[in-house]
Amino acid sequence: MWDPMTLPADDNVNPYTFCVELKGSQWFLQKGKMIAYYGSIEFNGLGHGRLDRLLRTSFHSPLHASDWVVAEGSGKMLLADRAFDVNSFDLDEGNLTIRAGNLLAYQPSLALKQSIVPGFLTLIGTGKFVAASNGPVVFMEPPLRVDPQALVGWADCPSPCHHYDHGYMTGIMGGVRALTGLGGASGEEHQFDFTGAGTVLLQSTEQLMPELATGATPHEAGVPGAHPGPGSGHGQQSMPRLPGQLGDLQRRFGL
Amino acid sequence: MFRLQGSRVLAVDLTGDTVKAKNGSMVAYEGRMAFKKTTGGGEGLRGVVTRRLTGEQMEVMEVSGQGTCFFADRASEINLVSLRGEKMYVEASNLLCTDGGVRTGTSFTGLRGGASGNGLFTTTLEGTGQAAIMSDGPAVVLRVTPQYPLSVDPGAYVAHQGNLRQSFQSGVTFRTLLGEGGGEAFQIRFEGDGLVYVQPSERNTVGGDV
């Protein structure tokens, strides 16, 4: 049983619930992750005029603006997300990149930026943030290859690259295998490859949190993840692939 | 006698007495047990009619016998509550099992129920004994005192007990209509003296995304 005196300040209440103490301070919060609060706390969308100065220093992701709010006031507030494990992390003059759906809240002393990797956000600076994961978080050191679905984020190391298992992907049979799964695809042909010094954060399941509808990268040349607009690209049709169509095989044969 | 076997299975030791449990929630038993389907939550004819009218339907069975009976429902976390005469309010869908000495009924919740997506009525528990309440993730029990009122997201609310007044708080402003809302447009505010159970997960509610 908890009351405002016994609730921890900026710490976990249980593995699934985190308590934030506000003393006239502000926290950035993903929409709808507050489950209860004591005291007087106000939640404002980022479009609120008064927050302009705060946004200039700590929020640089216009595409996620509609997912985030600022909580300010005094009191204690409980955060939780679909009964997933919730953990807080401290950054000290560091940087950390995390899947956009996993980040719940952060202190404004950190700056939030959109990572160059689509669907990820980068936090830079000093402060505390709260993240959710499906099962407890595991910390690993590069060099390391991880399953794309198990990746939560990474700190201090360079962005990952894609890695494909070679044996599976060469030749005509490899192409057929990659496209159809016939002939023994293990489902683990594709990994993210981390090198350099740093920490990689993994969750202990491969079940992803639902992607947020917003947060797509701008349609601009040179931006990874941007879908080529009509007219750009090299004459590739952007029609959805029909079942039975050979897909990328034609490109292997140079057609 | 209620006890937890892990956090998601309820074990009830019976010595000839009767408990009421959600229909179909028995997973195993030792000894001799009899399961009897009841209509209208075992509240008699009046209960049948009220529950039908209010939509706060509850499929309940009566379990009696000698031995231990185990209950669980969709791997929900189970919270044990002891009642000593006070009244407890809980959503019928979150109620797993009650002692024979606990009476159940329905009451009107008003706008709060509508916002939490659970209908305008809720189930009340009264009497002396134990009850088992389910939540998505272990529930956090928060004490409300006159100095410290509590605001709760309707989607995370599970149950409350004690002498509490609840009011519906809305932060809807013109900014909400512009899509720049605070994300927490609706809250239930509890004032008075009592306990509120919240779960670390939000149901989909009417005001959920506002």
# chains A, B, ... in the order shown; residues from 1 in each chain; ligands from 1
$ closest_atom_pairs --of "chain A" --to "chain B" --cutoff "6 Å" --atoms "only C-alpha atoms" --output "tab-separated table"
residue	atom	partner	partner_atom	distance
A:Met1	CA	B:Val141	CA	4.8
A:Trp2	CA	B:Leu142	CA	4.8
A:Asp3	CA	B:Arg143	CA	5.0
A:Thr17	CA	B:Pro200	CA	5.9
A:Lys31	CA	B:Gly183	CA	4.8
A:Gly32	CA	B:Gly183	CA	5.6
A:Ile35	CA	B:Asp153	CA	4.9
A:Ala36	CA	B:Val152	CA	4.1
A:Tyr37	CA	B:Ser151	CA	5.3
A:Tyr38	CA	B:Leu150	CA	4.9
A:Phe43	CA	B:Gly182	CA	4.7
A:Asn44	CA	B:Gly182	CA	4.2
A:Gly45	CA	B:Gly182	CA	4.4
A:Gly47	CA	B:Glu180	CA	5.8
A:Val69	CA	B:Gly182	CA	5.7
A:Ala80	CA	B:Pro200	CA	4.8
A:Asp81	CA	B:Ser201	CA	5.3
A:Arg82	CA	B:Ser201	CA	3.9
A:Ala83	CA	B:Gly137	CA	4.9
$ atom_distance --atom1 "CA of Val152 (chain A)" --atom2 "CA of Ala71 (chain A)"
24.8 Å
$ select_by_dssp --residues "region 49-179 of chain A" --states "alpha helix (DSSP H)" --output "PyMOL selection string"
chain A and resi 52-58+166-169+171-179
$ write_last_selection --atoms "all heavy atoms" --output "compact mmCIF listing (two decimals), in the first residue's frame"
# COMPACT_ATOMS: atom_id res chain seq x y z
N ASP A 52 7.44 26.92 -25.40
CA ASP A 52 8.32 27.15 -26.54
C ASP A 52 9.81 27.08 -26.19
O ASP A 52 10.58 26.44 -26.88
CB ASP A 52 8.03 28.53 -27.15
CG ASP A 52 7.16 28.38 -28.38
OD1 ASP A 52 6.77 27.24 -28.68
OD2 ASP A 52 6.89 29.40 -29.03
N ARG A 53 10.16 27.72 -25.08
CA ARG A 53 11.57 27.79 -24.74
C ARG A 53 12.12 26.41 -24.37
O ARG A 53 13.22 26.03 -24.73
CB ARG A 53 11.78 28.75 -23.58
CG ARG A 53 13.17 29.25 -23.70
CD ARG A 53 13.86 30.05 -22.69
NE ARG A 53 13.35 31.32 -22.31
CZ ARG A 53 13.15 31.62 -21.03
NH1 ARG A 53 13.34 30.71 -20.10
NH2 ARG A 53 12.76 32.80 -20.68
N LEU A 54 11.30 25.64 -23.65
CA LEU A 54 11.69 24.29 -23.25
C LEU A 54 11.91 23.41 -24.48
O LEU A 54 12.87 22.66 -24.56
CB LEU A 54 10.59 23.71 -22.37
CG LEU A 54 10.79 22.31 -21.83
CD1 LEU A 54 11.88 22.31 -20.79
CD2 LEU A 54 9.50 21.77 -21.24
N LEU A 55 11.01 23.54 -25.43
CA LEU A 55 11.11 22.71 -26.62
C LEU A 55 12.38 23.02 -27.39
O LEU A 55 13.00 22.14 -27.97
CB LEU A 55 9.91 22.94 -27.54
CG LEU A 55 8.56 22.50 -26.99
CD1 LEU A 55 7.53 22.55 -28.08
CD2 LEU A 55 8.66 21.10 -26.45
N ARG A 56 12.77 24.30 -27.39
CA ARG A 56 13.94 24.68 -28.15
C ARG A 56 15.17 23.95 -27.63
O ARG A 56 16.06 23.62 -28.39
CB ARG A 56 14.12 26.20 -28.04
CG ARG A 56 14.80 26.79 -29.22
CD ARG A 56 14.67 28.29 -29.22
NE ARG A 56 13.28 28.74 -29.31
CZ ARG A 56 12.87 29.95 -28.96
NH1 ARG A 56 13.74 30.82 -28.48
NH2 ARG A 56 11.62 30.30 -29.08
N THR A 57 15.25 23.70 -26.32
CA THR A 57 16.44 23.05 -25.79
C THR A 57 16.32 21.54 -25.72
O THR A 57 17.31 20.85 -25.79
CB THR A 57 16.74 23.56 -24.37
OG1 THR A 57 15.58 23.32 -23.56
CG2 THR A 57 17.06 25.03 -24.37
N SER A 58 15.12 20.99 -25.54
CA SER A 58 15.07 19.56 -25.27
C SER A 58 14.15 18.74 -26.16
O SER A 58 13.94 17.58 -25.86
CB SER A 58 14.72 19.28 -23.82
OG SER A 58 14.35 20.40 -23.15
N HIS A 166 25.39 -15.15 -45.21
CA HIS A 166 25.78 -15.24 -46.60
C HIS A 166 25.30 -16.51 -47.29
O HIS A 166 24.73 -16.46 -48.36
CB HIS A 166 27.29 -15.14 -46.69
CG HIS A 166 27.71 -14.22 -47.75
ND1 HIS A 166 27.38 -12.88 -47.72
CD2 HIS A 166 28.37 -14.44 -48.90
CE1 HIS A 166 27.85 -12.31 -48.81
NE2 HIS A 166 28.46 -13.23 -49.53
N GLY A 167 25.51 -17.62 -46.60
CA GLY A 167 25.21 -18.89 -47.23
C GLY A 167 23.77 -18.99 -47.70
O GLY A 167 23.48 -19.64 -48.71
N TYR A 168 22.93 -18.33 -47.00
CA TYR A 168 21.52 -18.42 -47.33
C TYR A 168 21.15 -17.58 -48.53
O TYR A 168 20.13 -17.81 -49.15
CB TYR A 168 20.69 -17.95 -46.13
CG TYR A 168 20.41 -19.03 -45.15
CD1 TYR A 168 21.06 -19.07 -43.93
CD2 TYR A 168 19.50 -20.02 -45.45
CE1 TYR A 168 20.80 -20.08 -43.03
CE2 TYR A 168 19.22 -21.03 -44.56
CZ TYR A 168 19.88 -21.05 -43.35
OH TYR A 168 19.61 -22.04 -42.47
N MET A 169 21.95 -16.56 -48.77
CA MET A 169 21.48 -15.54 -49.68
C MET A 169 22.13 -15.58 -51.05
O MET A 169 21.84 -14.75 -51.89
CB MET A 169 21.71 -14.16 -49.06
CG MET A 169 21.14 -14.01 -47.68
SD MET A 169 19.36 -14.27 -47.63
CE MET A 169 18.84 -12.81 -48.46
N GLY A 171 23.27 -17.18 -54.74
CA GLY A 171 22.78 -18.07 -55.79
C GLY A 171 21.28 -18.00 -55.95
O GLY A 171 20.57 -17.31 -55.22
N ILE A 172 20.82 -18.74 -56.94
CA ILE A 172 19.38 -18.74 -57.22
C ILE A 172 18.62 -19.36 -56.07
O ILE A 172 17.60 -18.85 -55.61
CB ILE A 172 19.09 -19.51 -58.53
CG1 ILE A 172 19.74 -18.76 -59.70
CG2 ILE A 172 17.61 -19.66 -58.75
CD1 ILE A 172 19.61 -19.47 -61.02
N MET A 173 19.16 -20.49 -55.55
CA MET A 173 18.45 -21.16 -54.46
C MET A 173 18.37 -20.24 -53.24
O MET A 173 17.37 -20.21 -52.52
CB MET A 173 19.18 -22.46 -54.09
CG MET A 173 18.85 -23.62 -55.00
SD MET A 173 17.12 -23.73 -55.43
CE MET A 173 16.44 -24.22 -53.84
N GLY A 174 19.43 -19.46 -53.02
CA GLY A 174 19.42 -18.51 -51.90
C GLY A 174 18.33 -17.48 -52.08
O GLY A 174 17.62 -17.12 -51.14
N GLY A 175 18.19 -17.03 -53.29
CA GLY A 175 17.15 -16.04 -53.56
C GLY A 175 15.77 -16.60 -53.33
O GLY A 175 14.92 -15.98 -52.69
N VAL A 176 15.57 -17.83 -53.80
CA VAL A 176 14.27 -18.47 -53.61
C VAL A 176 14.00 -18.65 -52.12
O VAL A 176 12.91 -18.38 -51.61
CB VAL A 176 14.22 -19.83 -54.34
CG1 VAL A 176 12.96 -20.60 -53.97
CG2 VAL A 176 14.31 -19.62 -55.83
N ARG A 177 15.05 -19.09 -51.42
CA ARG A 177 14.93 -19.31 -49.99
C ARG A 177 14.56 -18.02 -49.25
O ARG A 177 13.66 -17.97 -48.42
CB ARG A 177 16.27 -19.82 -49.45
CG ARG A 177 16.15 -20.97 -48.52
CD ARG A 177 17.52 -21.40 -48.07
NE ARG A 177 17.98 -22.60 -48.75
CZ ARG A 177 19.17 -22.73 -49.29
NH1 ARG A 177 20.04 -21.73 -49.27
NH2 ARG A 177 19.51 -23.85 -49.85
N ALA A 178 15.25 -16.95 -49.63
CA ALA A 178 15.02 -15.68 -48.96
C ALA A 178 13.60 -15.19 -49.20
O ALA A 178 12.99 -14.55 -48.35
CB ALA A 178 16.03 -14.65 -49.42
N LEU A 179 13.09 -15.48 -50.41
CA LEU A 179 11.77 -14.94 -50.75
C LEU A 179 10.64 -15.81 -50.24
O LEU A 179 9.60 -15.31 -49.85
CB LEU A 179 11.66 -14.81 -52.27
CG LEU A 179 12.45 -13.66 -52.87
CD1 LEU A 179 12.46 -13.77 -54.37
CD2 LEU A 179 11.86 -12.34 -52.44
$ closest_residue --among "A:Phe120, A:Phe18, A:Trp154, A:Phe59" --to "Asn87 (chain A)" --atoms "only C-alpha atoms"
A:Phe18
$ select_by_dssp --residues "region 7-108 of chain A" --states "strand (DSSP E)" --output "VMD selection string"
chain A and resid 11 to 14 17 to 30 34 to 45 59 to 60 68 to 79 85 to 99 103 to 106
$ atom_distance --atom1 "CA of Ala131 (chain A)" --atom2 "CA of Ser170 (chain B)"
27.5 Å
$ closest_residue --among "B:Phe2, B:Phe168, B:Tyr29, B:Phe190" --to "Cys97 (chain B)" --atoms "only C-alpha atoms"
B:Phe2
$ closest_residue --among "A:Ser88, A:Ser66, A:Gln114, A:Ser25" --to "Asn12 (chain A)" --atoms "only C-alpha atoms"
A:Ser88
$ residues_around --residues "Gly129 (chain B)" --least-positions-apart "5" --cutoff "8 Å" --atoms "only C-alpha atoms" --output "number ranges by chain"
B: 82-84, 98-102
$ write_last_selection --atoms "N, CA and C atoms" --output "PDB file, in the first residue's frame"
ATOM      1  N   SER B  82      -8.859  -8.138   1.908  1.00  0.00           N
ATOM      2  CA  SER B  82      -9.672  -8.570   3.055  1.00  0.00           C
ATOM      3  C   SER B  82     -10.681  -7.480   3.362  1.00  0.00           C
ATOM      4  N   LEU B  83     -11.928  -7.874   3.450  1.00  0.00           N
ATOM      5  CA  LEU B  83     -12.981  -6.906   3.757  1.00  0.00           C
ATOM      6  C   LEU B  83     -13.447  -7.117   5.193  1.00  0.00           C
ATOM      7  N   ARG B  84     -13.556  -6.017   5.919  1.00  0.00           N
ATOM      8  CA  ARG B  84     -14.086  -6.084   7.287  1.00  0.00           C
ATOM      9  C   ARG B  84     -15.265  -5.126   7.380  1.00  0.00           C
ATOM     10  N   THR B  98     -14.843 -14.570  -4.548  1.00  0.00           N
ATOM     11  CA  THR B  98     -15.180 -13.953  -3.267  1.00  0.00           C
ATOM     12  C   THR B  98     -15.575 -15.035  -2.272  1.00  0.00           C
ATOM     13  N   ASP B  99     -15.342 -14.709  -0.993  1.00  0.00           N
ATOM     14  CA  ASP B  99     -15.776 -15.558   0.096  1.00  0.00           C
ATOM     15  C   ASP B  99     -17.292 -15.664   0.110  1.00  0.00           C
ATOM     16  N   GLY B 100     -17.789 -16.745   0.705  1.00  0.00           N
ATOM     17  CA  GLY B 100     -19.232 -16.877   0.834  1.00  0.00           C
ATOM     18  C   GLY B 100     -19.854 -15.752   1.645  1.00  0.00           C
ATOM     19  N   GLY B 101     -19.084 -15.162   2.567  1.00  0.00           N
ATOM     20  CA  GLY B 101     -19.624 -14.120   3.434  1.00  0.00           C
ATOM     21  C   GLY B 101     -19.667 -12.741   2.809  1.00  0.00           C
ATOM     22  N   VAL B 102     -19.206 -12.630   1.568  1.00  0.00           N
ATOM     23  CA  VAL B 102     -19.182 -11.321   0.909  1.00  0.00           C
ATOM     24  C   VAL B 102     -20.374 -11.238  -0.034  1.00  0.00           C
TER      25      VAL B 102
END
$ residues_around --residues "Thr38 (chain B)" --least-positions-apart "5" --cutoff "7 Å" --atoms "only C-alpha atoms" --output "PyMOL selection string"
chain B and resi 60-62
$ write_last_selection --atoms "all heavy atoms" --output "short mmCIF file (atom, residue, chain, number, x, y, z; two decimals), in the first residue's frame"
data_model
loop_
_atom_site.label_atom_id
_atom_site.label_comp_id
_atom_site.auth_asym_id
_atom_site.auth_seq_id
_atom_site.Cartn_x
_atom_site.Cartn_y
_atom_site.Cartn_z
N VAL B 60 -21.10 -16.37 -12.57
CA VAL B 60 -20.52 -16.81 -11.31
C VAL B 60 -20.92 -18.25 -11.03
O VAL B 60 -22.02 -18.67 -11.35
CB VAL B 60 -21.00 -15.89 -10.18
CG1 VAL B 60 -20.64 -16.46 -8.82
CG2 VAL B 60 -20.39 -14.52 -10.33
N MET B 61 -19.97 -18.99 -10.45
CA MET B 61 -20.33 -20.33 -10.00
C MET B 61 -20.07 -20.42 -8.50
O MET B 61 -19.24 -19.69 -7.96
CB MET B 61 -19.51 -21.38 -10.75
CG MET B 61 -18.02 -21.19 -10.62
SD MET B 61 -17.13 -22.41 -11.56
CE MET B 61 -15.44 -21.94 -11.24
N GLU B 62 -20.78 -21.30 -7.86
CA GLU B 62 -20.56 -21.54 -6.44
C GLU B 62 -19.74 -22.81 -6.30
O GLU B 62 -20.07 -23.84 -6.88
CB GLU B 62 -21.89 -21.70 -5.71
CG GLU B 62 -22.50 -20.39 -5.31
CD GLU B 62 -23.82 -20.58 -4.58
OE1 GLU B 62 -24.27 -21.72 -4.41
OE2 GLU B 62 -24.38 -19.56 -4.21
#
$ closest_residue --among "A:Leu22, A:Leu79, A:Val13, A:Val138" --to "Thr199 (chain A)" --atoms "only C-alpha atoms"
A:Val138
